[in-house]
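Here's input_13.cif, which has mmCIF, C-alpha atoms:
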data_protein
#
loop_
_atom_site.group_PDB
_atom_site.id
_atom_site.type_symbol
_atom_site.label_atom_id
_atom_site.label_comp_id
_atom_site.auth_asym_id
_atom_site.auth_seq_id
_atom_site.Cartn_x
_atom_site.Cartn_y
_atom_site.Cartn_z
ATOM 1 C CA MET A 1071 -38.496 0.306 25.238
ATOM 2 C CA ILE A 1072 -37.779 0.673 21.520
ATOM 3 C CA CYS A 1073 -40.132 2.589 19.216
ATOM 4 C CA PRO A 1074 -41.056 1.066 15.819
ATOM 5 C CA LYS A 1075 -39.340 3.915 13.911
ATOM 6 C CA GLY A 1076 -36.235 3.917 16.049
ATOM 7 C CA GLY A 1077 -35.380 5.837 19.148
ATOM 8 C CA THR A 1078 -36.694 4.985 22.553
ATOM 9 C CA PHE A 1079 -40.062 5.343 24.152
ATOM 10 C CA VAL A 1080 -40.050 7.592 27.175
ATOM 11 C CA GLU A 1081 -42.767 6.875 29.662
ATOM 12 C CA GLU A 1082 -44.609 10.016 30.698
ATOM 13 C CA GLU A 1083 -44.020 11.308 34.161
ATOM 14 C CA ARG A 1084 -47.013 10.911 36.454
ATOM 15 C CA HIS A 1085 -48.275 13.796 38.575
ATOM 16 C CA ALA A 1086 -49.978 13.701 41.944
ATOM 17 C CA VAL A 1087 -53.355 15.430 41.977
ATOM 18 C CA THR A 1088 -55.639 16.076 44.894
ATOM 19 C CA LEU A 1089 -59.296 16.767 44.219
ATOM 20 C CA VAL A 1090 -62.448 16.826 46.265
ATOM 21 C CA VAL A 1091 -64.893 14.695 44.296
ATOM 22 C CA ASN A 1092 -68.480 14.628 45.532
ATOM 23 C CA GLY A 1093 -67.302 15.744 48.962
ATOM 24 C CA ARG A 1094 -64.528 13.143 49.248
ATOM 25 C CA ALA A 1095 -60.814 14.000 49.076
ATOM 26 C CA VAL A 1096 -58.987 11.993 46.410
ATOM 27 C CA THR A 1097 -55.238 11.933 45.752
ATOM 28 C CA GLU A 1098 -53.856 9.927 42.841
ATOM 29 C CA GLU A 1099 -50.889 9.812 40.490
ATOM 30 C CA VAL A 1100 -52.052 10.473 36.922
ATOM 31 C CA GLU A 1101 -50.577 10.881 33.474
ATOM 32 C CA PRO A 1102 -50.483 14.560 32.483
ATOM 33 C CA ARG A 1103 -52.693 13.933 29.429
ATOM 34 C CA LEU A 1104 -55.519 12.147 31.305
ATOM 35 C CA LEU A 1105 -58.835 13.919 30.746
ATOM 36 C CA LEU A 1106 -60.984 14.623 33.787
ATOM 37 C CA SER A 1107 -63.886 12.701 32.207
ATOM 38 C CA HIS A 1108 -61.748 9.565 31.940
ATOM 39 C CA PHE A 1109 -60.300 10.047 35.434
ATOM 40 C CA LEU A 1110 -63.797 10.188 36.910
ATOM 41 C CA ARG A 1111 -64.993 7.135 34.991
ATOM 42 C CA ASP A 1112 -61.907 4.927 34.898
ATOM 43 C CA ASN A 1113 -60.029 5.818 38.079
ATOM 44 C CA LEU A 1114 -62.935 6.607 40.401
ATOM 45 C CA GLY A 1115 -65.684 4.439 38.876
ATOM 46 C CA LEU A 1116 -68.091 7.381 38.571
ATOM 47 C CA THR A 1117 -69.681 6.205 35.349
ATOM 48 C CA GLY A 1118 -72.580 8.650 35.498
ATOM 49 C CA THR A 1119 -70.323 11.095 33.677
ATOM 50 C CA HIS A 1120 -70.724 9.942 30.086
ATOM 51 C CA VAL A 1121 -68.233 10.508 27.281
ATOM 52 C CA GLY A 1122 -69.840 11.232 23.951
ATOM 53 C CA CYS A 1123 -67.248 12.965 21.823
ATOM 54 C CA ASP A 1124 -64.003 13.868 23.672
ATOM 55 C CA THR A 1125 -64.042 17.094 21.629
ATOM 56 C CA SER A 1126 -66.263 19.435 23.676
ATOM 57 C CA GLN A 1127 -69.133 19.183 21.220
ATOM 58 C CA CYS A 1128 -71.908 17.274 22.991
ATOM 59 C CA GLY A 1129 -71.920 18.258 26.688
ATOM 60 C CA VAL A 1130 -72.843 14.809 28.013
ATOM 61 C CA CYS A 1131 -69.680 14.860 30.171
ATOM 62 C CA THR A 1132 -70.690 18.016 32.062
ATOM 63 C CA VAL A 1133 -69.678 18.167 35.727
ATOM 64 C CA TRP A 1134 -69.249 21.082 38.118
ATOM 65 C CA VAL A 1135 -65.676 22.236 38.712
ATOM 66 C CA ASP A 1136 -65.523 24.599 41.671
ATOM 67 C CA GLY A 1137 -69.268 25.106 41.314
ATOM 68 C CA LEU A 1138 -69.347 25.879 37.580
ATOM 69 C CA PRO A 1139 -70.576 23.592 34.788
ATOM 70 C CA VAL A 1140 -67.645 22.359 32.713
ATOM 71 C CA LYS A 1141 -67.341 19.801 29.927
ATOM 72 C CA SER A 1142 -64.974 17.367 31.627
ATOM 73 C CA CYS A 1143 -63.541 16.175 28.300
ATOM 74 C CA THR A 1144 -61.962 19.636 27.916
ATOM 75 C CA VAL A 1145 -60.059 19.567 31.208
ATOM 76 C CA LEU A 1146 -56.923 17.624 31.978
ATOM 77 C CA THR A 1147 -57.018 16.071 35.430
ATOM 78 C CA VAL A 1148 -53.794 17.898 36.343
ATOM 79 C CA GLN A 1149 -55.522 21.198 35.479
ATOM 80 C CA ALA A 1150 -58.237 20.363 38.005
ATOM 81 C CA ASP A 1151 -55.724 19.737 40.799
ATOM 82 C CA GLY A 1152 -57.014 21.374 43.981
ATOM 83 C CA SER A 1153 -60.548 21.742 42.623
ATOM 84 C CA GLU A 1154 -63.872 20.571 43.934
ATOM 85 C CA ILE A 1155 -65.665 18.339 41.436
ATOM 86 C CA THR A 1156 -69.358 17.488 41.555
ATOM 87 C CA THR A 1157 -70.724 14.728 39.334
ATOM 88 C CA VAL A 1158 -74.264 13.613 38.590
ATOM 89 C CA GLU A 1159 -73.961 10.960 41.318
ATOM 90 C CA GLU A 1160 -73.899 13.774 43.903
ATOM 91 C CA LEU A 1161 -77.207 15.361 42.844
ATOM 92 C CA THR A 1162 -79.108 12.911 45.040
ATOM 93 C CA HIS A 1163 -78.621 13.662 48.758
ATOM 94 C CA ASP A 1164 -79.532 11.103 51.413
ATOM 95 C CA GLY A 1165 -81.674 9.246 48.893
ATOM 96 C CA VAL A 1166 -83.645 12.366 47.939
ATOM 97 C CA PRO A 1167 -83.310 13.314 44.264
ATOM 98 C CA HIS A 1168 -82.530 16.926 43.327
ATOM 99 C CA VAL A 1169 -85.620 18.814 42.125
ATOM 100 C CA VAL A 1170 -84.256 18.593 38.578
ATOM 101 C CA GLN A 1171 -84.072 14.803 38.793
ATOM 102 C CA GLN A 1172 -87.645 14.704 40.092
ATOM 103 C CA ALA A 1173 -88.788 17.002 37.300
ATOM 104 C CA PHE A 1174 -86.978 15.016 34.587
ATOM 105 C CA GLN A 1175 -88.781 11.917 35.809
ATOM 106 C CA ARG A 1176 -92.199 13.602 35.859
ATOM 107 C CA GLU A 1177 -91.770 15.325 32.480
ATOM 108 C CA HIS A 1178 -89.903 12.429 30.851
ATOM 109 C CA GLY A 1179 -86.957 14.710 30.118
ATOM 110 C CA LEU A 1180 -85.009 11.874 28.552
ATOM 111 C CA GLN A 1181 -85.349 9.176 25.967
ATOM 112 C CA CYS A 1182 -82.277 7.041 25.402
ATOM 113 C CA GLY A 1183 -80.683 8.494 28.557
ATOM 114 C CA PHE A 1184 -77.191 8.968 27.159
ATOM 115 C CA CYS A 1185 -77.169 12.775 27.428
ATOM 116 C CA THR A 1186 -79.228 12.788 30.633
ATOM 117 C CA PRO A 1187 -76.311 13.175 33.108
ATOM 118 C CA GLY A 1188 -75.040 16.243 31.250
ATOM 119 C CA ALA A 1189 -78.564 17.622 30.921
ATOM 120 C CA LEU A 1190 -79.153 17.113 34.651
ATOM 121 C CA MET A 1191 -75.916 18.863 35.622
ATOM 122 C CA LEU A 1192 -76.553 21.837 33.320
ATOM 123 C CA SER A 1193 -80.210 22.067 34.370
ATOM 124 C CA ALA A 1194 -79.539 21.754 38.106
ATOM 125 C CA TRP A 1195 -76.917 24.489 37.956
ATOM 126 C CA HIS A 1196 -79.243 26.713 35.940
ATOM 127 C CA VAL A 1197 -82.208 26.170 38.291
ATOM 128 C CA ASP A 1198 -80.007 26.906 41.312
ATOM 129 C CA HIS A 1199 -78.579 30.108 39.780
ATOM 130 C CA TYR A 1200 -81.405 31.402 37.558
ATOM 131 C CA PRO A 1201 -84.639 30.237 39.201
ATOM 132 C CA GLY A 1202 -87.036 32.347 37.128
ATOM 133 C CA ALA A 1203 -85.503 31.707 33.704
ATOM 134 C CA SER A 1204 -87.700 31.871 30.613
ATOM 135 C CA ASP A 1205 -87.963 29.067 28.058
ATOM 136 C CA ALA A 1206 -85.547 30.966 25.797
ATOM 137 C CA GLU A 1207 -83.023 31.358 28.637
ATOM 138 C CA ILE A 1208 -83.304 27.657 29.468
ATOM 139 C CA ARG A 1209 -82.701 26.739 25.822
ATOM 140 C CA GLU A 1210 -79.671 29.036 25.778
ATOM 141 C CA ALA A 1211 -78.326 27.379 28.934
ATOM 142 C CA LEU A 1212 -78.694 23.975 27.266
ATOM 143 C CA ASP A 1213 -77.038 25.186 24.067
ATOM 144 C CA GLY A 1214 -73.861 23.211 24.752
ATOM 145 C CA LEU A 1215 -75.745 19.919 25.075
ATOM 146 C CA ILE A 1216 -76.552 17.719 22.114
ATOM 147 C CA CYS A 1217 -79.587 15.505 22.603
ATOM 148 C CA ARG A 1218 -80.432 13.554 19.491
ATOM 149 C CA CYS A 1219 -83.647 12.035 20.850
ATOM 150 C CA THR A 1220 -85.873 14.533 22.632
ATOM 151 C CA GLY A 1221 -86.025 17.722 20.611
ATOM 152 C CA TYR A 1222 -85.480 19.411 24.011
ATOM 153 C CA GLU A 1223 -89.199 20.078 24.647
ATOM 154 C CA ASN A 1224 -89.431 17.653 27.565
ATOM 155 C CA ILE A 1225 -86.106 18.867 28.944
ATOM 156 C CA VAL A 1226 -87.286 22.496 28.916
ATOM 157 C CA ARG A 1227 -90.570 21.440 30.571
ATOM 158 C CA ALA A 1228 -88.579 19.537 33.178
ATOM 159 C CA VAL A 1229 -86.466 22.607 33.973
ATOM 160 C CA LYS A 1230 -89.624 24.730 34.278
ATOM 161 C CA ARG A 1231 -91.128 22.135 36.646
ATOM 162 C CA ALA A 1232 -87.886 22.063 38.643
ATOM 163 C CA GLN A 1233 -88.076 25.846 38.995
ATOM 164 C CA ALA A 1234 -91.602 25.486 40.398
ATOM 165 C CA LEU A 1235 -90.520 22.700 42.765
ATOM 166 C CA GLN A 1236 -87.574 24.812 43.916
ATOM 167 C CA GLU A 1237 -89.930 27.718 44.680
ATOM 168 C CA GLU A 1238 -92.291 25.420 46.611
ATOM 169 C CA ALA A 1239 -89.501 23.920 48.742
ATOM 170 C CA PRO A 1240 -88.681 27.046 50.830
ATOM 171 C CA ALA A 1241 -92.389 27.695 51.400
ATOM 172 C CA ALA A 1242 -92.909 24.103 52.549
ATOM 173 C CA MET A 1243 -89.867 24.308 54.842
ATOM 174 C CA ALA A 1244 -91.110 27.601 56.326
ATOM 175 C CA GLY A 1245 -94.524 26.036 56.960
ATOM 176 C CA GLN A 1246 -92.907 23.039 58.650
ATOM 177 C CA ALA A 1247 -90.811 25.358 60.859
ATOM 178 C CA ARG A 1248 -93.965 27.270 61.901
ATOM 179 C CA GLU A 1249 -95.701 23.981 62.784
ATOM 180 C CA GLU A 1250 -92.718 22.824 64.854
ATOM 181 C CA ALA A 1251 -92.520 26.193 66.655
ATOM 182 C CA SER A 1252 -96.203 26.084 67.599
ATOM 183 C CA SER A 1253 -95.944 22.520 68.976
#

Show how you would write the structure in this file as structure tokens.
Amino acid sequence: MICPKGGTFVEEERHAVTLVVNGRAVTEEVEPRLLLSHFLRDNLGLTGTHVGCDTSQCGVCTVWVDGLPVKSCTVLTVQADGSEITTVEELTHDGVPHVVQQAFQREHGLQCGFCTPGALMLSAWHVDHYPGASDAEIREALDGLICRCTGYENIVRAVKRAQALQEEAPAAMAGQAREEASS
């Protein structure tokens, strides 16, 4: 192929990557410059991962890479080769929403919904790793997320509610186990 300013166009070499995405092994040939956010959306059809800026500013593209929250627009797919990726689609298990999803619904932790997937991924990780976090700690955890609609109040309330739901869950499971043992 000829380039407009002379010379020839060299097609980029494609690289095989193998990832585990939401528990499913995926192997594909990708261009070395393909961002993980675009791979998830365009190649795998996981459109819950939104793309807001492609410059690591807004956080709406947050996913978990090997269990850590990462802005997927900052990672090339080839850099994630061999990693385990969790997207917002995986937060719901067997039709049961994660406690953060339940709390966002109850506290209306969204408005337009565009940043919601990133907010859910950051919040779920934070609730799972820092269950007793204060409002200030929650706000700090959400610092990398830009939400232009909510003012964050409902999101912080949702995270607090999720913490409470998370604390109730083990107690409810222990009670159920005692009931089953006595039957």

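Among the candidates A:Ala1095, A:Val1090, A:Ala1189, A:Leu1104, the residue lying nearest to A:Thr1119 is A:Ala1189 (atoms considered: only C-alpha atoms).
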
Residues at most 8 Å from stretch 1110-1116 of chain A, counting all atoms listed in the file, excluding those fewer than 3 positions away in the same chain, as an mmCIF file with C-alpha atoms, in the frame of the given file?
data_model
loop_
_atom_site.group_PDB
_atom_site.id
_atom_site.type_symbol
_atom_site.label_atom_id
_atom_site.label_comp_id
_atom_site.auth_asym_id
_atom_site.auth_seq_id
_atom_site.Cartn_x
_atom_site.Cartn_y
_atom_site.Cartn_z
ATOM 1 C CA LEU A 1106 -60.984 14.623 33.787
ATOM 2 C CA SER A 1107 -63.886 12.701 32.207
ATOM 3 C CA THR A 1119 -70.323 11.095 33.677
ATOM 4 C CA THR A 1157 -70.724 14.728 39.334
ATOM 5 C CA GLU A 1159 -73.961 10.960 41.318
#

On this structure, which residues satisfy the PyMOL selection byres ((chain A and resi 1230-1236) around 7), written as a ChimeraX atom specification? /A:1169-1170,1173,1197,1201-1202,1226-1229,1237-1239

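For the residues A:Val1145, A:Leu1180, A:Val1140, A:Val1130, ranking by smallest atom-to-atom distance to A:Leu1215 using only C-alpha atoms places A:Val1130 first.
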
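Ranking A:Asp1164, A:Ile1155, A:Val1148, A:Gly1214 by their shortest atom-to-atom distance to A:Ser1126, with all atoms listed in the file included, puts A:Gly1214 first.
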
Rounded to one decimal place, report the atom CA of A:Thr1220-atom CA of A:Gly1179 distance in Å. 7.6 Å

Evaluate the PyMOL selection byres ((chain A and resi 1137) around 12) and report residues as a PyMOL selection string: chain A and resi 1090-1092+1132-1136+1138-1140+1153-1157+1191-1192+1194-1196+1198-1199

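The smallest atom-to-atom distance between A:His1120 and any of A:Asn1224, A:Thr1186, A:Ser1204, A:Gln1175, using all atoms listed in the file, is found for A:Thr1186.
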
Since the input has fewer atoms than a full residue there, write stretch 1227-1240 of chain A out with N, CA and C atoms, as a short mmCIF file (atom, residue, chain, number, x, y, z; two decimals), in the coordinates of the input.
data_model
loop_
_atom_site.label_atom_id
_atom_site.label_comp_id
_atom_site.auth_asym_id
_atom_site.auth_seq_id
_atom_site.Cartn_x
_atom_site.Cartn_y
_atom_site.Cartn_z
N ARG A 1227 -89.44 21.59 29.63
CA ARG A 1227 -90.57 21.44 30.57
C ARG A 1227 -90.08 20.95 31.93
N ALA A 1228 -89.12 20.05 31.92
CA ALA A 1228 -88.58 19.54 33.18
C ALA A 1228 -87.89 20.65 33.96
N VAL A 1229 -87.14 21.50 33.29
CA VAL A 1229 -86.47 22.61 33.97
C VAL A 1229 -87.50 23.57 34.54
N LYS A 1230 -88.55 23.85 33.78
CA LYS A 1230 -89.62 24.73 34.28
C LYS A 1230 -90.28 24.12 35.52
N ARG A 1231 -90.54 22.81 35.48
CA ARG A 1231 -91.13 22.14 36.65
C ARG A 1231 -90.16 22.19 37.83
N ALA A 1232 -88.88 22.00 37.57
CA ALA A 1232 -87.89 22.06 38.64
C ALA A 1232 -87.86 23.45 39.28
N GLN A 1233 -88.01 24.49 38.45
CA GLN A 1233 -88.08 25.85 38.99
C GLN A 1233 -89.26 25.97 39.95
N ALA A 1234 -90.40 25.43 39.55
CA ALA A 1234 -91.60 25.49 40.40
C ALA A 1234 -91.38 24.69 41.69
N LEU A 1235 -90.79 23.51 41.58
CA LEU A 1235 -90.52 22.70 42.76
C LEU A 1235 -89.55 23.41 43.70
N GLN A 1236 -88.56 24.07 43.13
CA GLN A 1236 -87.57 24.81 43.92
C GLN A 1236 -88.26 25.95 44.68
N GLU A 1237 -89.20 26.62 44.02
CA GLU A 1237 -89.93 27.72 44.68
C GLU A 1237 -90.82 27.19 45.80
N GLU A 1238 -91.41 26.01 45.60
CA GLU A 1238 -92.29 25.42 46.61
C GLU A 1238 -91.51 24.96 47.84
N ALA A 1239 -90.28 24.50 47.65
CA ALA A 1239 -89.50 23.92 48.74
C ALA A 1239 -89.29 24.89 49.90
N PRO A 1240 -88.85 26.14 49.69
CA PRO A 1240 -88.68 27.05 50.83
C PRO A 1240 -90.00 27.33 51.55
#
